[in-house]
$ cat structure19.txt   # compact mmCIF, C-alpha atoms
# COMPACT_ATOMS: atom_id res chain seq x y z
CA MET A 97 110.19 160.30 101.43
CA SER A 98 107.02 161.93 102.75
CA ILE A 99 105.61 158.45 103.50
CA THR A 100 108.85 157.60 105.32
CA ARG A 101 108.48 160.70 107.51
CA LEU A 102 104.87 159.70 108.25
CA VAL A 103 106.02 156.20 109.31
CA ALA A 104 108.60 157.85 111.61
CA GLU A 105 105.76 159.49 113.54
CA ARG A 106 104.86 156.04 114.92
CA SER A 107 108.23 155.90 116.68
CA THR A 108 108.19 155.68 120.46
CA CYS A 109 111.79 156.84 120.86
CA LEU A 110 112.33 159.90 123.02
CA ARG A 111 115.54 161.01 121.26
CA ARG A 112 114.99 160.51 117.54
CA LYS A 113 112.02 159.45 115.42
CA VAL A 114 113.15 157.37 112.45
CA GLY A 115 111.12 155.77 109.69
CA ALA A 116 112.18 153.29 107.00
CA ILE A 117 110.46 151.89 103.92
CA LEU A 118 111.62 149.16 101.55
CA VAL A 119 110.53 149.61 97.95
CA LYS A 120 110.90 147.33 94.95
CA GLY A 121 109.50 147.97 91.49
CA LYS A 122 107.71 151.11 92.74
CA ARG A 123 105.83 149.06 95.35
CA ILE A 124 106.18 149.47 99.10
CA LEU A 125 107.27 146.12 100.51
CA CYS A 126 107.40 146.95 104.19
CA THR A 127 107.70 149.77 106.70
CA GLY A 128 109.54 150.12 110.00
CA TYR A 129 110.11 152.67 112.73
CA ASN A 130 112.27 152.71 115.84
CA GLY A 131 110.71 151.34 119.00
CA ALA A 132 110.79 148.53 121.57
CA PRO A 133 110.25 144.91 120.53
CA ALA A 134 106.62 143.79 120.23
CA GLY A 135 104.90 143.37 123.58
CA LEU A 136 107.56 145.23 125.59
CA SER A 137 107.24 148.62 127.26
CA HIS A 138 108.33 151.54 125.14
CA CYS A 139 110.73 154.31 126.14
CA LEU A 140 107.73 156.63 126.37
CA GLU A 141 106.71 154.52 129.39
CA THR A 142 110.08 153.53 130.87
CA GLY A 143 112.25 156.53 130.04
CA CYS A 144 115.42 156.53 127.98
CA LEU A 145 118.36 154.69 129.54
CA ARG A 146 120.81 156.24 127.05
CA GLU A 147 119.59 159.72 128.00
CA GLN A 148 119.83 158.91 131.71
CA LEU A 149 123.43 157.71 131.25
CA GLY A 150 124.43 160.64 129.02
CA VAL A 151 125.31 158.41 126.05
CA LYS A 152 126.10 160.39 122.89
CA SER A 153 124.25 159.79 119.63
CA GLY A 154 125.77 156.99 117.58
CA GLN A 155 127.40 155.25 120.56
CA ARG A 156 126.54 152.26 122.78
CA HIS A 157 123.55 151.05 120.75
CA GLU A 158 123.30 147.99 122.99
CA LEU A 159 122.01 150.21 125.84
CA CYS A 160 118.83 151.08 123.92
CA ARG A 161 115.73 148.94 124.37
CA ALA A 162 114.45 149.95 120.93
CA LEU A 163 115.14 148.42 117.54
CA HIS A 164 116.17 150.79 114.78
CA ALA A 165 113.72 151.50 111.97
CA GLU A 166 116.01 149.73 109.49
CA GLN A 167 116.12 146.64 111.71
CA ASN A 168 112.34 146.66 112.07
CA VAL A 169 111.71 147.00 108.33
CA LEU A 170 113.95 143.97 107.64
CA ILE A 171 112.35 141.96 110.48
CA GLN A 172 108.84 142.79 109.28
CA ALA A 173 109.74 141.67 105.76
CA ALA A 174 111.18 138.40 107.09
CA PHE A 175 108.20 137.84 109.41
CA HIS A 176 105.80 138.19 106.48
CA GLY A 177 107.96 136.27 103.99
CA ILE A 178 108.75 139.23 101.75
CA ALA A 179 111.92 138.98 99.67
CA VAL A 180 113.93 142.21 99.86
CA GLU A 181 116.99 141.43 97.73
CA GLY A 182 117.47 144.25 95.22
CA ALA A 183 115.11 146.59 97.09
CA VAL A 184 115.65 150.29 97.77
CA LEU A 185 115.55 151.70 101.29
CA TYR A 186 114.05 155.09 102.04
CA CYS A 187 115.01 156.19 105.55
CA THR A 188 114.71 159.45 107.44
CA ASN A 189 118.29 158.93 108.67
CA LEU A 190 121.51 157.47 107.35
CA PRO A 191 121.70 153.95 108.84
CA CYS A 192 124.18 153.28 111.66
CA SER A 193 126.96 150.74 111.11
CA ILE A 194 124.94 147.92 112.75
CA CYS A 195 121.96 148.50 110.46
CA THR A 196 124.28 148.99 107.50
CA LYS A 197 125.71 145.48 107.96
CA MET A 198 122.18 144.05 107.98
CA LEU A 199 121.15 146.02 104.90
CA ILE A 200 124.25 144.89 103.00
CA ASN A 201 123.55 141.23 103.82
CA ALA A 202 119.87 141.62 102.92
CA GLY A 203 120.84 142.72 99.41
CA ILE A 204 119.60 146.31 99.54
CA ARG A 205 121.00 148.10 96.47
CA LYS A 206 120.27 151.79 97.10
CA ILE A 207 119.54 154.01 100.11
CA TYR A 208 117.79 157.37 100.09
CA PHE A 209 118.10 159.27 103.37
CA GLN A 210 117.36 162.74 104.67
CA GLU A 211 119.28 163.33 107.89
CA GLY A 212 122.91 162.52 108.59
CA TYR A 213 124.13 160.28 111.40
CA PRO A 214 127.49 160.45 113.17
CA ASP A 215 128.77 157.08 111.92
CA GLU A 216 131.62 157.24 109.41
CA LEU A 217 132.02 153.46 109.42
CA SER A 218 128.52 153.17 107.98
CA ARG A 219 129.42 155.36 105.01
CA GLN A 220 132.67 153.45 104.43
CA MET A 221 130.92 150.06 104.42
CA LEU A 222 128.14 151.25 102.11
CA GLU A 223 130.73 152.57 99.66
CA GLU A 224 132.76 149.37 99.80
CA ALA A 225 129.60 147.29 99.25
CA GLY A 226 128.70 149.38 96.22
CA ILE A 227 125.37 150.51 97.66
CA GLU A 228 124.29 153.79 96.13
CA LEU A 229 123.70 156.43 98.80
CA ILE A 230 121.49 159.42 97.97
CA HIS A 231 121.18 162.32 100.43
CA LEU A 232 117.89 164.21 100.06
CA ASP A 233 116.96 167.70 101.23
CA GLY A 234 113.80 168.30 103.26
CA ASP A 235 111.85 168.93 100.06
CA GLY A 236 112.97 165.61 98.55
CA SER A 237 115.49 167.04 96.11
CA VAL A 238 118.91 165.45 95.86
CA ARG A 239 121.52 167.21 97.99
CA GLN A 240 124.70 167.89 96.04

$ encode --input "structure19.txt" --output "structure tokens"
Amino acid sequence: MSITRLVAERSTCLRRKVGAILVKGKRILCTGYNGAPAGLSHCLETGCLREQLGVKSGQRHELCRALHAEQNVLIQAAFHGIAVEGAVLYCTNLPCSICTKMLINAGIRKIYFQEGYPDELSRQMLEEAGIELIHLDGDGSVRQ
């Protein structure tokens, strides 16, 4: 999880820095962090539209110019031809429902996360899909 937090530092989001890593067989497959698509201006340069409009966390994702870390880690794997089925995701945050749908379809089997996220639908879908969800404390120990 310490590597995941380090990846999150690359984030260009003004509201929340998120990092994600896909691991399979104790090998890091790919990393991702939240930020604007390649070649586009980042929120650090343009400002945060969601902040300007007073949008609450977990709502109106379509108003954000950034991709989520979980989206970026899956896109990077696809871009480089890396198979992720059966992989484990380490993420600084619990994925939102949009990212959860992508992770389910990508065949991710387990998710370790540190911070919560106000998206109950995400938790419900992960449970229904049978994806193991493990909440970690700041020191990396499993939260009970």

$ closest_residue --input "structure19.txt" --among "A:Ala134, A:Cys192, A:Ala202, A:Leu229" --to "A:Ala179" --atoms "only C-alpha atoms"
A:Ala202

$ residues_near_point --input "structure19.txt" --point "(124.9, 154.1, 120.9)" --cutoff "12 Å" --atoms "all atoms listed in the file" --output "PyMOL selection string"
chain A and resi 111+145-147+149-164+192-194+213-215

$ closest_residue --input "structure19.txt" --among "A:Ala225, A:Glu216, A:Leu232, A:Arg112" --to "A:Asn201" --atoms "all atoms listed in the file"
A:Ala225

$ residues_near_point --input "structure19.txt" --point "(111.2, 138.6, 104.2)" --cutoff "12 Å" --atoms "only C-alpha atoms" --output "ChimeraX atom specification"
/A:118,125-127,168-181,183,202-203

$ closest_residue --input "structure19.txt" --among "A:Asn130, A:Asn189, A:Gln167, A:Ser137" --to "A:Glu211" --atoms "all atoms listed in the file"
A:Asn189

$ atom_distance --input "structure19.txt" --atom1 "atom CA of A:Val103" --atom2 "atom CA of A:Glu224"
29.2 Å

$ residues_around --input "structure19.txt" --residues "A:Gly234" --least-positions-apart "3" --cutoff "12 Å" --atoms "all atoms listed in the file" --output "ChimeraX atom specification"
/A:97-98,100-101,188-189,209-211,231,237-239

$ atom_distance --input "structure19.txt" --atom1 "atom CA of A:Glu166" --atom2 "atom CA of A:Leu190"
9.7 Å

$ atom_distance --input "structure19.txt" --atom1 "atom CA of A:Tyr129" --atom2 "atom CA of A:Glu223"
24.4 Å

$ closest_residue --input "structure19.txt" --among "A:Gly128, A:Gly143, A:Tyr208, A:Gln220" --to "A:Asp233" --atoms "all atoms listed in the file"
A:Tyr208

$ closest_residue --input "structure19.txt" --among "A:Ile99, A:Leu136, A:Ile227, A:Glu105" --to "A:Ile124" --atoms "only C-alpha atoms"
A:Ile99

$ closest_residue --input "structure19.txt" --among "A:Val119, A:Leu140, A:Ala104, A:Met198" --to "A:Gly182" --atoms "all atoms listed in the file"
A:Val119

$ decode --input "structure19.txt" --residues "stretch 118-139 of chain A" --atoms "N, CA and C atoms" --output "PDB file, in the first residue's frame"
ATOM      1  N   LEU A 118      -2.265  -2.510  -9.925  1.00  0.00           N
ATOM      2  CA  LEU A 118      -2.734  -3.872 -10.183  1.00  0.00           C
ATOM      3  C   LEU A 118      -1.569  -4.828  -9.992  1.00  0.00           C
ATOM      4  N   VAL A 119      -1.826  -5.881  -9.231  1.00  0.00           N
ATOM      5  CA  VAL A 119      -0.786  -6.858  -8.880  1.00  0.00           C
ATOM      6  C   VAL A 119      -1.286  -8.251  -9.219  1.00  0.00           C
ATOM      7  N   LYS A 120      -0.387  -9.062  -9.744  1.00  0.00           N
ATOM      8  CA  LYS A 120      -0.721 -10.459 -10.030  1.00  0.00           C
ATOM      9  C   LYS A 120       0.528 -11.295  -9.778  1.00  0.00           C
ATOM     10  N   GLY A 121       0.365 -12.336  -8.968  1.00  0.00           N
ATOM     11  CA  GLY A 121       1.511 -13.188  -8.657  1.00  0.00           C
ATOM     12  C   GLY A 121       2.661 -12.437  -8.019  1.00  0.00           C
ATOM     13  N   LYS A 122       2.346 -11.493  -7.149  1.00  0.00           N
ATOM     14  CA  LYS A 122       3.321 -10.662  -6.428  1.00  0.00           C
ATOM     15  C   LYS A 122       4.133  -9.735  -7.339  1.00  0.00           C
ATOM     16  N   ARG A 123       3.622  -9.505  -8.559  1.00  0.00           N
ATOM     17  CA  ARG A 123       4.285  -8.592  -9.485  1.00  0.00           C
ATOM     18  C   ARG A 123       3.362  -7.424  -9.787  1.00  0.00           C
ATOM     19  N   ILE A 124       3.899  -6.226  -9.793  1.00  0.00           N
ATOM     20  CA  ILE A 124       3.130  -5.046 -10.168  1.00  0.00           C
ATOM     21  C   ILE A 124       2.937  -5.075 -11.679  1.00  0.00           C
ATOM     22  N   LEU A 125       1.679  -5.065 -12.105  1.00  0.00           N
ATOM     23  CA  LEU A 125       1.356  -5.066 -13.524  1.00  0.00           C
ATOM     24  C   LEU A 125       1.311  -3.656 -14.088  1.00  0.00           C
ATOM     25  N   CYS A 126       0.705  -2.750 -13.339  1.00  0.00           N
ATOM     26  CA  CYS A 126       0.470  -1.404 -13.835  1.00  0.00           C
ATOM     27  C   CYS A 126       0.122  -0.481 -12.674  1.00  0.00           C
ATOM     28  N   THR A 127       0.307   0.809 -12.893  1.00  0.00           N
ATOM     29  CA  THR A 127      -0.072   1.806 -11.900  1.00  0.00           C
ATOM     30  C   THR A 127      -0.969   2.852 -12.543  1.00  0.00           C
ATOM     31  N   GLY A 128      -1.732   3.556 -11.730  1.00  0.00           N
ATOM     32  CA  GLY A 128      -2.565   4.644 -12.220  1.00  0.00           C
ATOM     33  C   GLY A 128      -2.840   5.642 -11.112  1.00  0.00           C
ATOM     34  N   TYR A 129      -3.075   6.864 -11.499  1.00  0.00           N
ATOM     35  CA  TYR A 129      -3.451   7.913 -10.550  1.00  0.00           C
ATOM     36  C   TYR A 129      -4.486   8.795 -11.231  1.00  0.00           C
ATOM     37  N   ASN A 130      -5.211   9.590 -10.460  1.00  0.00           N
ATOM     38  CA  ASN A 130      -6.253  10.416 -11.056  1.00  0.00           C
ATOM     39  C   ASN A 130      -5.660  11.692 -11.650  1.00  0.00           C
ATOM     40  N   GLY A 131      -6.110  11.977 -12.864  1.00  0.00           N
ATOM     41  CA  GLY A 131      -5.643  13.153 -13.577  1.00  0.00           C
ATOM     42  C   GLY A 131      -6.282  13.228 -14.952  1.00  0.00           C
ATOM     43  N   ALA A 132      -6.066  14.341 -15.642  1.00  0.00           N
ATOM     44  CA  ALA A 132      -6.650  14.580 -16.960  1.00  0.00           C
ATOM     45  C   ALA A 132      -6.081  13.615 -17.992  1.00  0.00           C
ATOM     46  N   PRO A 133      -6.828  13.365 -19.063  1.00  0.00           N
ATOM     47  CA  PRO A 133      -6.316  12.507 -20.135  1.00  0.00           C
ATOM     48  C   PRO A 133      -4.989  13.045 -20.688  1.00  0.00           C
ATOM     49  N   ALA A 134      -4.185  12.153 -21.233  1.00  0.00           N
ATOM     50  CA  ALA A 134      -2.869  12.510 -21.769  1.00  0.00           C
ATOM     51  C   ALA A 134      -2.973  13.669 -22.755  1.00  0.00           C
ATOM     52  N   GLY A 135      -2.106  14.640 -22.583  1.00  0.00           N
ATOM     53  CA  GLY A 135      -2.038  15.776 -23.493  1.00  0.00           C
ATOM     54  C   GLY A 135      -2.999  16.910 -23.188  1.00  0.00           C
ATOM     55  N   LEU A 136      -3.906  16.721 -22.230  1.00  0.00           N
ATOM     56  CA  LEU A 136      -4.854  17.781 -21.872  1.00  0.00           C
ATOM     57  C   LEU A 136      -4.389  18.511 -20.619  1.00  0.00           C
ATOM     58  N   SER A 137      -4.861  19.728 -20.455  1.00  0.00           N
ATOM     59  CA  SER A 137      -4.525  20.514 -19.266  1.00  0.00           C
ATOM     60  C   SER A 137      -5.092  19.846 -18.021  1.00  0.00           C
ATOM     61  N   HIS A 138      -4.329  19.917 -16.958  1.00  0.00           N
ATOM     62  CA  HIS A 138      -4.744  19.330 -15.686  1.00  0.00           C
ATOM     63  C   HIS A 138      -5.489  20.363 -14.845  1.00  0.00           C
ATOM     64  N   CYS A 139      -6.196  19.873 -13.855  1.00  0.00           N
ATOM     65  CA  CYS A 139      -6.962  20.750 -12.953  1.00  0.00           C
ATOM     66  C   CYS A 139      -6.050  21.742 -12.234  1.00  0.00           C
TER      67      CYS A 139
END
